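Visitor: Just one file: protein01.pdb, with PDB, C-alpha atoms.
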ATOM      1  CA  MET A 542     -10.080 -20.049   4.528
ATOM      2  CA  ARG A 543      -9.313 -20.736   0.891
ATOM      3  CA  ILE A 544      -8.388 -17.600  -1.027
ATOM      4  CA  ALA A 545     -11.068 -18.209  -3.649
ATOM      5  CA  GLU A 546     -13.715 -18.408  -0.924
ATOM      6  CA  PHE A 547     -12.316 -15.248   0.688
ATOM      7  CA  LEU A 548     -12.551 -13.268  -2.522
ATOM      8  CA  LEU A 549     -16.025 -14.585  -3.252
ATOM      9  CA  ARG A 550     -17.213 -13.518   0.184
ATOM     10  CA  VAL A 551     -15.837 -10.006  -0.041
ATOM     11  CA  MET A 552     -17.025  -9.331  -3.582
ATOM     12  CA  VAL A 553     -19.583  -6.558  -3.779
ATOM     13  CA  ILE A 554     -19.287  -5.466  -7.344
ATOM     14  CA  GLY A 555     -18.140  -7.168 -10.507
ATOM     15  CA  VAL A 556     -15.462  -5.813 -12.735
ATOM     16  CA  GLY A 557     -16.802  -5.811 -16.236
ATOM     17  CA  PHE A 558     -14.577  -4.736 -19.048
ATOM     18  CA  VAL A 559     -15.708  -4.604 -22.647
ATOM     19  CA  ALA A 560     -14.003  -6.618 -25.349
ATOM     20  CA  ALA A 561     -10.616  -5.218 -26.303
ATOM     21  CA  PRO A 562     -10.544  -2.967 -29.355
ATOM     22  CA  ALA A 563      -7.813  -3.079 -31.946
ATOM     23  CA  MET A 564      -4.841  -0.931 -30.987
ATOM     24  CA  ALA A 565      -3.033   1.336 -33.393
ATOM     25  CA  PHE A 566       0.714   1.809 -33.036
ATOM     26  CA  ASP A 567       0.242   5.436 -31.919
ATOM     27  CA  GLY A 568      -1.829   4.310 -28.940
ATOM     28  CA  SER A 569      -5.189   5.271 -30.430
ATOM     29  CA  LYS A 570      -8.157   2.951 -30.800
ATOM     30  CA  SER A 571      -9.068   1.765 -34.271
ATOM     31  CA  THR A 572     -12.234   0.078 -35.452
ATOM     32  CA  ASP A 573     -11.504  -0.531 -39.137
ATOM     33  CA  ALA A 574      -8.220  -1.305 -40.872
ATOM     34  CA  MET A 575      -6.340  -2.100 -37.666
ATOM     35  CA  ALA A 576      -8.850  -4.816 -36.833
ATOM     36  CA  SER A 577      -7.197  -7.044 -39.444
ATOM     37  CA  ALA A 578      -3.664  -6.374 -38.174
ATOM     38  CA  PRO A 579      -1.825  -8.967 -36.039
ATOM     39  CA  PRO A 580      -3.012  -8.733 -32.417
ATOM     40  CA  VAL A 581      -0.874  -6.718 -30.040
ATOM     41  CA  SER A 582       0.139  -8.525 -26.864
ATOM     42  CA  ALA A 583      -0.693  -7.151 -23.431
ATOM     43  CA  MET A 584       2.992  -6.579 -22.740
ATOM     44  CA  GLU A 585       3.486  -4.684 -26.010
ATOM     45  CA  ALA A 586       0.485  -2.496 -25.238
ATOM     46  CA  PHE A 587       1.768  -1.855 -21.714
ATOM     47  CA  ARG A 588       5.202  -0.865 -23.014
ATOM     48  CA  SER A 589       3.541   1.444 -25.494
ATOM     49  CA  GLY A 590       1.523   3.014 -22.688
ATOM     50  CA  ALA A 591       4.637   3.463 -20.564
ATOM     51  CA  HIS A 592       6.367   5.108 -23.541
ATOM     52  CA  TRP A 593       3.517   7.579 -24.063
ATOM     53  CA  LEU A 594       3.371   8.372 -20.357
ATOM     54  CA  LYS A 595       7.052   9.198 -20.354
ATOM     55  CA  ALA A 596       6.497  11.384 -23.405
ATOM     56  CA  GLY A 597       3.659  13.219 -21.656
ATOM     57  CA  GLU A 598       1.027  11.901 -24.095
ATOM     58  CA  LYS A 599      -1.565  10.892 -21.499
ATOM     59  CA  THR A 600      -4.445  10.241 -23.937
ATOM     60  CA  LYS A 601      -2.390   7.859 -26.076
ATOM     61  CA  ALA A 602      -1.006   6.247 -22.937
ATOM     62  CA  ILE A 603      -4.495   5.587 -21.571
ATOM     63  CA  HIS A 604      -5.600   3.871 -24.790
ATOM     64  CA  SER A 605      -2.611   1.536 -24.694
ATOM     65  CA  LEU A 606      -2.951   0.869 -20.968
ATOM     66  CA  GLU A 607      -6.666   0.130 -21.325
ATOM     67  CA  TYR A 608      -5.893  -2.413 -24.036
ATOM     68  CA  ALA A 609      -3.267  -4.078 -21.830
ATOM     69  CA  ALA A 610      -5.602  -3.980 -18.825
ATOM     70  CA  GLU A 611      -8.443  -5.588 -20.769
ATOM     71  CA  LYS A 612      -6.061  -8.427 -21.575
ATOM     72  CA  GLY A 613      -5.309  -8.917 -17.882
ATOM     73  CA  HIS A 614      -2.008  -7.057 -17.498
ATOM     74  CA  ALA A 615      -1.922  -6.420 -13.743
ATOM     75  CA  VAL A 616       0.501  -3.489 -13.765
ATOM     76  CA  ALA A 617      -1.494  -1.736 -16.508
ATOM     77  CA  GLN A 618      -4.631  -2.208 -14.398
ATOM     78  CA  TRP A 619      -2.808  -0.823 -11.377
ATOM     79  CA  LYS A 620      -1.520   2.206 -13.280
ATOM     80  CA  LEU A 621      -4.999   3.014 -14.580
ATOM     81  CA  ALA A 622      -6.415   2.595 -11.092
ATOM     82  CA  ARG A 623      -3.892   5.067  -9.698
ATOM     83  CA  MET A 624      -4.599   7.526 -12.524
ATOM     84  CA  TYR A 625      -8.352   7.451 -11.863
ATOM     85  CA  ALA A 626      -7.838   7.633  -8.101
ATOM     86  CA  GLU A 627      -5.634  10.712  -8.429
ATOM     87  CA  GLY A 628      -7.218  12.332 -11.501
ATOM     88  CA  ASP A 629      -3.898  12.038 -13.323
ATOM     89  CA  GLY A 630      -4.607  12.608 -17.034
ATOM     90  CA  VAL A 631      -8.224  11.505 -16.576
ATOM     91  CA  THR A 632     -11.281  12.748 -14.721
ATOM     92  CA  GLN A 633     -10.927  11.658 -11.117
ATOM     93  CA  ASP A 634     -13.239   8.671 -10.530
ATOM     94  CA  ASP A 635     -12.893   6.574  -7.376
ATOM     95  CA  LEU A 636     -15.405   3.979  -8.542
ATOM     96  CA  LYS A 637     -13.408   3.281 -11.714
ATOM     97  CA  ALA A 638     -10.252   3.102  -9.638
ATOM     98  CA  PHE A 639     -11.981   0.704  -7.252
ATOM     99  CA  LYS A 640     -13.038  -1.564 -10.133
ATOM    100  CA  TYR A 641      -9.505  -1.762 -11.483
ATOM    101  CA  PHE A 642      -8.118  -2.504  -8.035
ATOM    102  CA  ARG A 643     -10.789  -5.184  -7.542
ATOM    103  CA  GLY A 644      -9.888  -6.713 -10.887
ATOM    104  CA  ILE A 645      -6.304  -7.066  -9.724
ATOM    105  CA  ALA A 646      -7.331  -8.545  -6.381
ATOM    106  CA  ASP A 647      -9.736 -11.029  -7.959
ATOM    107  CA  LEU A 648      -7.261 -12.340 -10.539
ATOM    108  CA  HIS A 649      -3.910 -12.083  -8.769
ATOM    109  CA  ALA A 650      -4.550 -12.796  -5.087
ATOM    110  CA  GLU A 651      -2.618 -16.058  -5.287
ATOM    111  CA  ASP A 652       0.371 -14.673  -7.208
ATOM    112  CA  ASN A 653       3.764 -15.597  -5.806
ATOM    113  CA  PRO A 654       4.422 -12.964  -3.103
ATOM    114  CA  ASP A 655       8.036 -12.779  -4.273
ATOM    115  CA  SER A 656       7.170 -12.116  -7.931
ATOM    116  CA  PRO A 657       7.998  -8.716  -9.497
ATOM    117  CA  GLN A 658       4.353  -7.676  -9.753
ATOM    118  CA  ALA A 659       3.439  -8.751  -6.212
ATOM    119  CA  ARG A 660       3.944  -5.246  -4.833
ATOM    120  CA  PHE A 661       1.323  -3.898  -7.245
ATOM    121  CA  VAL A 662      -1.136  -6.595  -6.210
ATOM    122  CA  ALA A 663      -0.475  -5.868  -2.544
ATOM    123  CA  ASN A 664      -0.977  -2.156  -3.157
ATOM    124  CA  ALA A 665      -4.324  -2.921  -4.823
ATOM    125  CA  PHE A 666      -5.460  -4.676  -1.625
ATOM    126  CA  VAL A 667      -4.284  -1.693   0.439
ATOM    127  CA  ALA A 668      -6.182   0.700  -1.831
ATOM    128  CA  LEU A 669      -9.317  -1.431  -1.480
ATOM    129  CA  GLY A 670      -8.864  -1.346   2.280
ATOM    130  CA  HIS A 671      -8.929   2.448   2.252
ATOM    131  CA  TYR A 672     -11.996   2.514   0.025
ATOM    132  CA  TYR A 673     -13.842   0.135   2.345
ATOM    133  CA  LEU A 674     -12.668   2.097   5.375
ATOM    134  CA  ASP A 675     -14.276   5.317   4.135
ATOM    135  CA  GLY A 676     -16.723   4.167   1.431
ATOM    136  CA  ILE A 677     -17.230   5.942  -1.895
ATOM    137  CA  PRO A 678     -20.078   8.495  -1.738
ATOM    138  CA  LYS A 679     -23.030   7.989  -4.097
ATOM    139  CA  THR A 680     -21.859   4.508  -5.140
ATOM    140  CA  PRO A 681     -22.592   0.934  -3.996
ATOM    141  CA  ILE A 682     -19.295   0.947  -2.089
ATOM    142  CA  LYS A 683     -20.300   1.677   1.491
ATOM    143  CA  ARG A 684     -18.145   2.133   4.568
ATOM    144  CA  ASP A 685     -17.208  -1.305   5.895
ATOM    145  CA  PRO A 686     -14.309  -1.262   8.411
ATOM    146  CA  GLU A 687     -14.365  -5.030   8.887
ATOM    147  CA  ARG A 688     -13.902  -5.585   5.169
ATOM    148  CA  ALA A 689     -11.130  -2.987   5.225
ATOM    149  CA  ARG A 690      -9.410  -5.065   7.900
ATOM    150  CA  GLU A 691      -9.722  -8.151   5.686
ATOM    151  CA  MET A 692      -8.081  -6.323   2.792
ATOM    152  CA  PHE A 693      -5.237  -4.932   4.909
ATOM    153  CA  GLY A 694      -4.878  -8.275   6.658
ATOM    154  CA  TYR A 695      -4.554 -10.258   3.456
ATOM    155  CA  ALA A 696      -1.865  -7.969   2.024
ATOM    156  CA  ALA A 697      -0.105  -7.806   5.396
ATOM    157  CA  SER A 698       0.084 -11.567   5.873
ATOM    158  CA  TYR A 699       0.237 -13.109   2.386
ATOM    159  CA  PHE A 700       2.241 -10.398   0.599
ATOM    160  CA  ARG A 701       4.007  -9.169   3.754
ATOM    161  CA  ASP A 702       3.376  -5.599   2.589
ATOM    162  CA  SER A 703       4.687  -2.954   4.975
ATOM    163  CA  GLU A 704       1.939  -0.409   4.213
ATOM    164  CA  ALA A 705      -0.756  -3.022   4.819
ATOM    165  CA  GLN A 706       0.924  -4.045   8.072
ATOM    166  CA  TYR A 707       0.967  -0.438   9.256
ATOM    167  CA  TYR A 708      -2.688   0.217   8.457
ATOM    168  CA  LEU A 709      -3.739  -3.108   9.962
ATOM    169  CA  ALA A 710      -1.900  -2.143  13.141
ATOM    170  CA  ARG A 711      -3.754   1.166  13.240
ATOM    171  CA  LEU A 712      -7.089  -0.638  13.071
ATOM    172  CA  TYR A 713      -6.138  -2.827  16.040
ATOM    173  CA  LEU A 714      -4.817   0.157  17.965
ATOM    174  CA  ASP A 715      -7.955   2.224  17.332
ATOM    175  CA  GLY A 716     -10.401  -0.679  17.585
ATOM    176  CA  VAL A 717     -11.876   0.111  14.160
ATOM    177  CA  GLY A 718     -13.052  -2.915  12.189
ATOM    178  CA  ALA A 719     -11.093  -5.046  14.644
ATOM    179  CA  PRO A 720     -10.957  -5.620  18.406
ATOM    180  CA  HIS A 721      -9.035  -2.979  20.340
ATOM    181  CA  ASP A 722      -5.762  -4.865  20.794
ATOM    182  CA  PRO A 723      -2.644  -2.703  21.345
ATOM    183  CA  ARG A 724      -0.379  -5.748  21.645
ATOM    184  CA  GLN A 725      -1.512  -7.014  18.262
ATOM    185  CA  ALA A 726      -1.022  -3.497  16.932
ATOM    186  CA  ALA A 727       2.533  -3.411  18.283
ATOM    187  CA  ARG A 728       3.258  -6.729  16.570
ATOM    188  CA  TRP A 729       2.160  -5.435  13.169
ATOM    189  CA  PHE A 730       3.918  -2.094  13.738
ATOM    190  CA  GLY A 731       7.079  -4.071  14.429
ATOM    191  CA  LEU A 732       6.876  -6.103  11.227
ATOM    192  CA  SER A 733       6.274  -2.953   9.202
ATOM    193  CA  ALA A 734       8.983  -0.981  11.001
ATOM    194  CA  GLN A 735      11.576  -3.626  10.186
ATOM    195  CA  LYS A 736      10.883  -2.961   6.495
ATOM    196  CA  GLY A 737      11.568   0.759   6.920
ATOM    197  CA  GLN A 738       7.996   2.119   7.042
ATOM    198  CA  CYS A 739       8.481   5.417   8.883
ATOM    199  CA  GLN A 740       4.963   5.725  10.308
ATOM    200  CA  ALA A 741       5.178   2.244  11.809
ATOM    201  CA  GLN A 742       8.637   3.026  13.190
ATOM    202  CA  ALA A 743       7.256   6.139  14.875
ATOM    203  CA  MET A 744       4.244   4.380  16.376
ATOM    204  CA  LEU A 745       6.305   1.439  17.615
ATOM    205  CA  GLY A 746       8.919   3.803  19.014
ATOM    206  CA  ALA A 747       6.334   5.848  20.885
ATOM    207  CA  MET A 748       4.743   2.713  22.374
ATOM    208  CA  LEU A 749       8.090   1.301  23.491
ATOM    209  CA  PHE A 750       9.328   4.607  24.893
ATOM    210  CA  ALA A 751       6.191   5.146  26.970
ATOM    211  CA  GLY A 752       5.602   1.492  27.834
ATOM    212  CA  ASP A 753       2.157   1.814  26.269
ATOM    213  CA  HIS A 754       0.662  -1.708  26.493
ATOM    214  CA  VAL A 755       4.147  -3.157  25.940
ATOM    215  CA  PRO A 756       7.122  -3.484  28.308
ATOM    216  CA  ARG A 757       8.881  -0.123  28.465
ATOM    217  CA  GLN A 758      12.129  -0.022  26.493
ATOM    218  CA  ALA A 759      12.918   3.689  26.344
ATOM    219  CA  ALA A 760      16.240   3.402  24.494
ATOM    220  CA  ARG A 761      14.881   1.050  21.849
ATOM    221  CA  GLY A 762      11.819   3.263  21.470
ATOM    222  CA  LEU A 763      14.051   6.290  20.951
ATOM    223  CA  MET A 764      16.004   4.328  18.327
ATOM    224  CA  TRP A 765      12.828   3.645  16.329
ATOM    225  CA  LEU A 766      11.743   7.265  16.641
ATOM    226  CA  THR A 767      15.149   8.414  15.384
ATOM    227  CA  LEU A 768      14.846   6.132  12.353
ATOM    228  CA  ALA A 769      11.295   7.334  11.741
ATOM    229  CA  LYS A 770      12.348  10.984  11.903
ATOM    230  CA  ASP A 771      15.127  10.395   9.398
ATOM    231  CA  ASN A 772      12.993   8.302   7.013
ATOM    232  CA  ALA A 773      10.097  10.775   7.148
ATOM    233  CA  LYS A 774      12.244  13.427   5.464
ATOM    234  CA  ASP A 775      11.564  11.708   2.146
ATOM    235  CA  GLY A 776       7.833  11.313   2.789
ATOM    236  CA  ALA A 777       4.766  13.517   2.977
ATOM    237  CA  GLY A 778       5.065  16.689   5.045
ATOM    238  CA  ARG A 779       2.101  15.793   7.230
ATOM    239  CA  ASP A 780       3.861  12.597   8.342
ATOM    240  CA  GLN A 781       7.091  14.403   9.048
ATOM    241  CA  ALA A 782       5.342  16.893  11.338
ATOM    242  CA  TRP A 783       3.722  14.414  13.743
ATOM    243  CA  ILE A 784       6.724  12.088  13.672
ATOM    244  CA  ASN A 785       9.002  14.999  14.562
ATOM    245  CA  ARG A 786       6.742  15.868  17.494
ATOM    246  CA  LEU A 787       6.898  12.308  18.835
ATOM    247  CA  TYR A 788      10.682  12.237  18.461
ATOM    248  CA  ASP A 789      11.213  15.648  20.088
ATOM    249  CA  SER A 790       9.024  14.719  23.049
ATOM    250  CA  ALA A 791      10.826  11.417  23.633
ATOM    251  CA  PHE A 792      14.293  12.915  23.199
ATOM    252  CA  GLN A 793      13.570  15.648  25.738
ATOM    253  CA  GLN A 794      12.274  13.114  28.259
ATOM    254  CA  ALA A 795      15.076  10.585  27.764
ATOM    255  CA  THR A 796      17.987  10.385  30.169
ATOM    256  CA  GLU A 797      21.587  10.629  28.981
ATOM    257  CA  ASP A 798      21.983   6.871  29.447
ATOM    258  CA  GLU A 799      18.859   6.179  27.378
ATOM    259  CA  ARG A 800      20.092   8.452  24.590
ATOM    260  CA  ALA A 801      23.502   6.772  24.582
ATOM    261  CA  LEU A 802      21.996   3.278  24.487
ATOM    262  CA  ALA A 803      19.613   4.337  21.713
ATOM    263  CA  LEU A 804      22.645   5.361  19.660
ATOM    264  CA  VAL A 805      24.220   1.931  20.221
ATOM    265  CA  TYR A 806      21.002   0.242  19.074
ATOM    266  CA  LEU A 807      20.807   2.530  16.064
ATOM    267  CA  LYS A 808      24.373   1.797  14.928
ATOM    268  CA  HIS A 809      23.778  -1.950  15.278
ATOM    269  CA  TRP A 810      20.512  -1.750  13.314
ATOM    270  CA  LEU A 811      22.136   0.209  10.492
ATOM    271  CA  GLU A 812      25.056  -2.224  10.349
ATOM    272  CA  THR A 813      22.757  -5.224  10.012
ATOM    273  CA  ARG A 814      20.843  -3.482   7.227
ATOM    274  CA  ARG A 815      24.041  -3.016   5.241
ATOM    275  CA  GLU A 816      24.986  -6.685   5.427
TER     276      GLU A 816
END
Would you mind writing the file out in structure tokens?
Guide:
Amino acid sequence: MRIAEFLLRVMVIGVGFVAAPAMAFDGSKSTDAMASAPPVSAMEAFRSGAHWLKAGEKTKAIHSLEYAAEKGHAVAQWKLARMYAEGDGVTQDDLKAFKYFRGIADLHAEDNPDSPQARFVANAFVALGHYYLDGIPKTPIKRDPERAREMFGYAASYFRDSEAQYYLARLYLDGVGAPHDPRQAARWFGLSAQKGQCQAQAMLGAMLFAGDHVPRQAARGLMWLTLAKDNAKDGAGRDQAWINRLYDSAFQQATEDERALALVYLKHWLETRRE
């Protein structure tokens, strides 16, 4: 399916931004004298916004970022989307966040997946996937698991995004918005795990250790669980807790030979990552 046709099919709400106002050098909007000043580029406005964010001046930062976003600056759009999603310096508003994310997806879906801003575009698709998975209460954005799968799937395949690959795998494993297909789930977990995504490493490790819908490879499963446990230390506490439980259970069940072989696999994997 052509990407343009894909985006047209999944569109449920337009992203309408008003014409860009003149931007003062302090990040505030101006409607009089500044209107006759030389136009500020999207990049200049974005840099100004980044400067004000670093300085803790959220209001000035938002004005500059909005100007850059209105001119199509994808990273400015992404930053505003994250701020509205999290209520960071603004009133939390999932619908506004959704619109910014949709603007990125509509305009940048065909960006080079190896470009510097590709990770922001991929993240926008992942964010849209979560919004479609749960819906946004009291808005036109209703729960639509199949559309969530399309969003995760696009970011997972075109942008090769590890987060998208993990969440796509979960949908296949749980049979939500996709057929229940543990083997397909294991495939996507594997692609994500290779990129260092700790949740995917844990899920793949648990499946391999138990032989859950895949050939049992206890030592290799324990290797992935060990990596997941170590990588989860830098992540959210809730992830660390369930990953630790999976690791502890597998380690206690493993034989001495399986533990020794897992260590061999682990050393080899770490060596190849350093090359």
Visitor: Specify as number ranges by chain each residue included when the PyMOL selection byres ((chain A and resi 765-772) around 12) is applied to this file.
Guide: A: 730-731, 733-751, 758-764, 773-778, 780-792, 800, 803-804, 806-808, 810-811
Visitor: Can I get the selection written as a compact mmCIF listing (two decimals), in the coordinates of the input, with C-alpha atoms?
Guide:
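And here's selection-v5.txt as it stands now:
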# COMPACT_ATOMS: atom_id res chain seq x y z
CA PHE A 730 3.92 -2.09 13.74
CA GLY A 731 7.08 -4.07 14.43
CA SER A 733 6.27 -2.95 9.20
CA ALA A 734 8.98 -0.98 11.00
CA GLN A 735 11.58 -3.63 10.19
CA LYS A 736 10.88 -2.96 6.50
CA GLY A 737 11.57 0.76 6.92
CA GLN A 738 8.00 2.12 7.04
CA CYS A 739 8.48 5.42 8.88
CA GLN A 740 4.96 5.72 10.31
CA ALA A 741 5.18 2.24 11.81
CA GLN A 742 8.64 3.03 13.19
CA ALA A 743 7.26 6.14 14.88
CA MET A 744 4.24 4.38 16.38
CA LEU A 745 6.30 1.44 17.61
CA GLY A 746 8.92 3.80 19.01
CA ALA A 747 6.33 5.85 20.88
CA MET A 748 4.74 2.71 22.37
CA LEU A 749 8.09 1.30 23.49
CA PHE A 750 9.33 4.61 24.89
CA ALA A 751 6.19 5.15 26.97
CA GLN A 758 12.13 -0.02 26.49
CA ALA A 759 12.92 3.69 26.34
CA ALA A 760 16.24 3.40 24.49
CA ARG A 761 14.88 1.05 21.85
CA GLY A 762 11.82 3.26 21.47
CA LEU A 763 14.05 6.29 20.95
CA MET A 764 16.00 4.33 18.33
CA ALA A 773 10.10 10.78 7.15
CA LYS A 774 12.24 13.43 5.46
CA ASP A 775 11.56 11.71 2.15
CA GLY A 776 7.83 11.31 2.79
CA ALA A 777 4.77 13.52 2.98
CA GLY A 778 5.07 16.69 5.04
CA ASP A 780 3.86 12.60 8.34
CA GLN A 781 7.09 14.40 9.05
CA ALA A 782 5.34 16.89 11.34
CA TRP A 783 3.72 14.41 13.74
CA ILE A 784 6.72 12.09 13.67
CA ASN A 785 9.00 15.00 14.56
CA ARG A 786 6.74 15.87 17.49
CA LEU A 787 6.90 12.31 18.84
CA TYR A 788 10.68 12.24 18.46
CA ASP A 789 11.21 15.65 20.09
CA SER A 790 9.02 14.72 23.05
CA ALA A 791 10.83 11.42 23.63
CA PHE A 792 14.29 12.92 23.20
CA ARG A 800 20.09 8.45 24.59
CA ALA A 803 19.61 4.34 21.71
CA LEU A 804 22.64 5.36 19.66
CA TYR A 806 21.00 0.24 19.07
CA LEU A 807 20.81 2.53 16.06
CA LYS A 808 24.37 1.80 14.93
CA TRP A 810 20.51 -1.75 13.31
CA LEU A 811 22.14 0.21 10.49
Visitor: Name every residue that the PyMOL selection byres ((chain A and resi 692-700) around 9) selects in this structure, writing the answer as a PyMOL selection string with chains first and numbers rising.
Guide: chain A and resi 650-651+653-655+659-660+662-671+673+687-691+701-709+729+733
Visitor: Measuring atom to atom with only C-alpha atoms, identify which of A:Met584, A:Ala727, A:Ala596, A:Ile677 is nearest to Ala617 (chain A).
Guide: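 The shortest atom-to-atom distance to Ala617 (chain A) comes from A:Met584.
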Visitor: Determine the residue membership of the PyMOL selection byres ((chain A and resi 635-642) around 9) for the file above and supply it as a ChimeraX atom specification.
Guide: /A:554-557,610,618-619,621-627,633-634,643-647,662,664-666,668-669,672,677,680,682
Visitor: Just the number, please: distance in Å from CA of Val805 (chain A) to CA of Arg724 (chain A), one decimal.
Guide: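 Rounded to one decimal, the two atoms are 25.8 Å apart.
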Visitor: Give me the residues near Asp685 (chain A) as a PyMOL selection string, where near means some atom within 8 Å (using all atoms listed in the file) and where sequence neighbours in that chain fewer than 6 positions away do not count.
Guide: chain A and resi 673-676+718
Visitor: In terms of the shortest atom-to-atom distance over all atoms listed in the file, which of A:Arg757, A:Leu732, A:Leu712, A:Lys620 is closest to Phe661 (chain A)?
Guide: A:Lys620
